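Structure data follow from entry-v3.pdb (PDB, C-alpha atoms):
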ATOM      1  CA  MET A   1      -1.466 -12.293   4.123
ATOM      2  CA  VAL A   2      -3.969  -9.560   3.307
ATOM      3  CA  VAL A   3      -2.996  -5.881   3.290
ATOM      4  CA  ARG A   4      -5.617  -3.118   3.370
ATOM      5  CA  LEU A   5      -4.498   0.364   2.405
ATOM      6  CA  ASN A   6      -6.457   3.595   2.807
ATOM      7  CA  GLN A   7      -5.286   6.497   0.673
ATOM      8  CA  THR A   8      -6.425  10.098   0.353
ATOM      9  CA  ASP A   9      -5.377  12.009  -2.763
ATOM     10  CA  GLU A  10      -6.766  14.822  -4.928
ATOM     11  CA  THR A  11      -9.612  12.570  -6.126
ATOM     12  CA  GLY A  12     -10.721  11.670  -2.602
ATOM     13  CA  LYS A  13     -10.406   8.649  -0.335
ATOM     14  CA  SER A  14      -9.738   5.187  -1.743
ATOM     15  CA  GLU A  15      -9.434   1.791  -0.112
ATOM     16  CA  TYR A  16      -7.413  -1.033  -1.605
ATOM     17  CA  LYS A  17      -7.233  -4.675  -0.543
ATOM     18  CA  PHE A  18      -4.295  -6.812  -1.632
ATOM     19  CA  LYS A  19      -4.736 -10.551  -1.070
ATOM     20  CA  GLU A  20      -2.279 -13.417  -0.934
ATOM     21  CA  LEU A  21       0.874 -11.401  -0.289
ATOM     22  CA  THR A  22       3.888 -13.325   0.962
ATOM     23  CA  SER A  23       5.706 -12.324   4.129
ATOM     24  CA  GLU A  24       8.602 -11.131   1.935
ATOM     25  CA  GLU A  25       6.281  -8.807  -0.005
ATOM     26  CA  VAL A  26       4.854  -7.424   3.242
ATOM     27  CA  GLY A  27       8.377  -6.832   4.551
ATOM     28  CA  GLU A  28       9.268  -4.965   1.353
ATOM     29  CA  ILE A  29       6.152  -2.784   1.716
ATOM     30  CA  CYS A  30       7.161  -1.836   5.263
ATOM     31  CA  ASP A  31      10.747  -1.063   4.237
ATOM     32  CA  LYS A  32       9.619   1.067   1.306
ATOM     33  CA  LEU A  33       7.126   2.995   3.457
ATOM     34  CA  ALA A  34       9.959   3.968   5.777
ATOM     35  CA  ASN A  35      12.504   4.839   3.083
ATOM     36  CA  GLN A  36      10.795   5.936  -0.153
ATOM     37  CA  ASN A  37       8.329   8.581  -1.335
ATOM     38  CA  VAL A  38       6.550   6.246  -3.768
ATOM     39  CA  ILE A  39       5.839   2.555  -3.242
ATOM     40  CA  LYS A  40       4.481  -0.051  -5.632
ATOM     41  CA  ILE A  41       2.155  -2.869  -4.581
ATOM     42  CA  LYS A  42       0.954  -5.339  -7.227
ATOM     43  CA  ARG A  43       1.546  -2.893 -10.135
ATOM     44  CA  LYS A  44      -0.229   0.003  -8.327
ATOM     45  CA  LYS A  45       1.824   3.032  -7.238
ATOM     46  CA  PHE A  46       1.125   5.032  -4.081
ATOM     47  CA  GLU A  47       2.711   8.183  -2.726
ATOM     48  CA  THR A  48       3.604   7.482   0.885
ATOM     49  CA  LYS A  49       2.402  10.921   2.036
ATOM     50  CA  GLU A  50      -1.113  10.038   0.788
ATOM     51  CA  ILE A  51      -1.336   6.743   2.699
ATOM     52  CA  LYS A  52      -3.499   7.300   5.775
ATOM     53  CA  GLU A  53      -3.834   3.743   7.102
ATOM     54  CA  LEU A  54      -2.281   0.356   6.481
ATOM     55  CA  GLN A  55      -3.688  -2.844   8.011
ATOM     56  CA  PHE A  56      -2.179  -6.308   7.951
ATOM     57  CA  GLY A  57      -4.146  -9.486   8.524
TER      58      GLY A  57
END
As structure tokens, how would this structure be written, given the file I've shared?
Amino acid sequence: MVVRLNQTDETGKSEYKFKELTSEEVGEICDKLANQNVIKIKRKKFETKEIKELQFG
């Protein structure tokens, strides 16, 4: 599965594309978004308040 993430922080807007994620990894991302302030996807950390859009496909 592919996950696209749009983030806006102090440096501006960034778009990330994570390919070949398993359904378990996608489930963990969703759980962490709901319950944590910082999430980690493929060694990259994001503050949940800076995430503006998340697309799954």
Spell out the residues picked by the PyMOL selection byres ((chain A and resi 41) around 10) here, as a PDB file with C-alpha atoms, in the coordinates of the input.
ATOM      1  CA  VAL A   3      -2.996  -5.881   3.290  1.00  0.00           C
ATOM      2  CA  PHE A  18      -4.295  -6.812  -1.632  1.00  0.00           C
ATOM      3  CA  LEU A  21       0.874 -11.401  -0.289  1.00  0.00           C
ATOM      4  CA  GLU A  25       6.281  -8.807  -0.005  1.00  0.00           C
ATOM      5  CA  VAL A  26       4.854  -7.424   3.242  1.00  0.00           C
ATOM      6  CA  GLU A  28       9.268  -4.965   1.353  1.00  0.00           C
ATOM      7  CA  ILE A  29       6.152  -2.784   1.716  1.00  0.00           C
ATOM      8  CA  ILE A  39       5.839   2.555  -3.242  1.00  0.00           C
ATOM      9  CA  LYS A  40       4.481  -0.051  -5.632  1.00  0.00           C
ATOM     10  CA  LYS A  42       0.954  -5.339  -7.227  1.00  0.00           C
ATOM     11  CA  ARG A  43       1.546  -2.893 -10.135  1.00  0.00           C
ATOM     12  CA  LYS A  44      -0.229   0.003  -8.327  1.00  0.00           C
ATOM     13  CA  LYS A  45       1.824   3.032  -7.238  1.00  0.00           C
ATOM     14  CA  PHE A  46       1.125   5.032  -4.081  1.00  0.00           C
TER      15      PHE A  46
END
Discussion item. Calculated over all atoms listed in the file, which of the candidates A:Lys49, A:Asn6, A:Ser23, A:Glu15 has the smallest distance to Asn35 in chain A?
Written reply: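 Looking only at the distances to Asn35 in chain A, the closest residue turns out to be A:Lys49.
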Discussion item. So that I can check the surroundings of Gln7 in chain A, please list as an MDAnalysis selection string every protein, DNA and RNA residue that reaches within 8 Å of it, counting all atoms listed in the file and ignoring chain neighbours fewer than 6 positions away.
Written reply: chainID A and resid 13:15 50:53
Please save C-alpha atoms of the selected residues as a PDB file, in the frame of the given file.
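Saved the output as again27.pdb:
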ATOM      1  CA  LYS A  13     -10.406   8.649  -0.335  1.00  0.00           C
ATOM      2  CA  SER A  14      -9.738   5.187  -1.743  1.00  0.00           C
ATOM      3  CA  GLU A  15      -9.434   1.791  -0.112  1.00  0.00           C
ATOM      4  CA  GLU A  50      -1.113  10.038   0.788  1.00  0.00           C
ATOM      5  CA  ILE A  51      -1.336   6.743   2.699  1.00  0.00           C
ATOM      6  CA  LYS A  52      -3.499   7.300   5.775  1.00  0.00           C
ATOM      7  CA  GLU A  53      -3.834   3.743   7.102  1.00  0.00           C
TER       8      GLU A  53
END
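Between CA of Glu47 in chain A and CA of Gly27 in chain A the separation is 17.6 Å.
Going from CA of Lys17 in chain A over to CA of Gln36 in chain A, you cover 20.9 Å.
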Discussion item. Running the PyMOL selection byres ((chain A and resi 54) around 6) on this model by hand, what would come out? Give it as a PyMOL selection string.
Written reply: chain A and resi 4-5+53+55
Worksheet item: So what do you get for CA of Glu20 in chain A versus CA of Ala34 in chain A, distance-wise?
Response: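 A separation of 22.3 Å between them.
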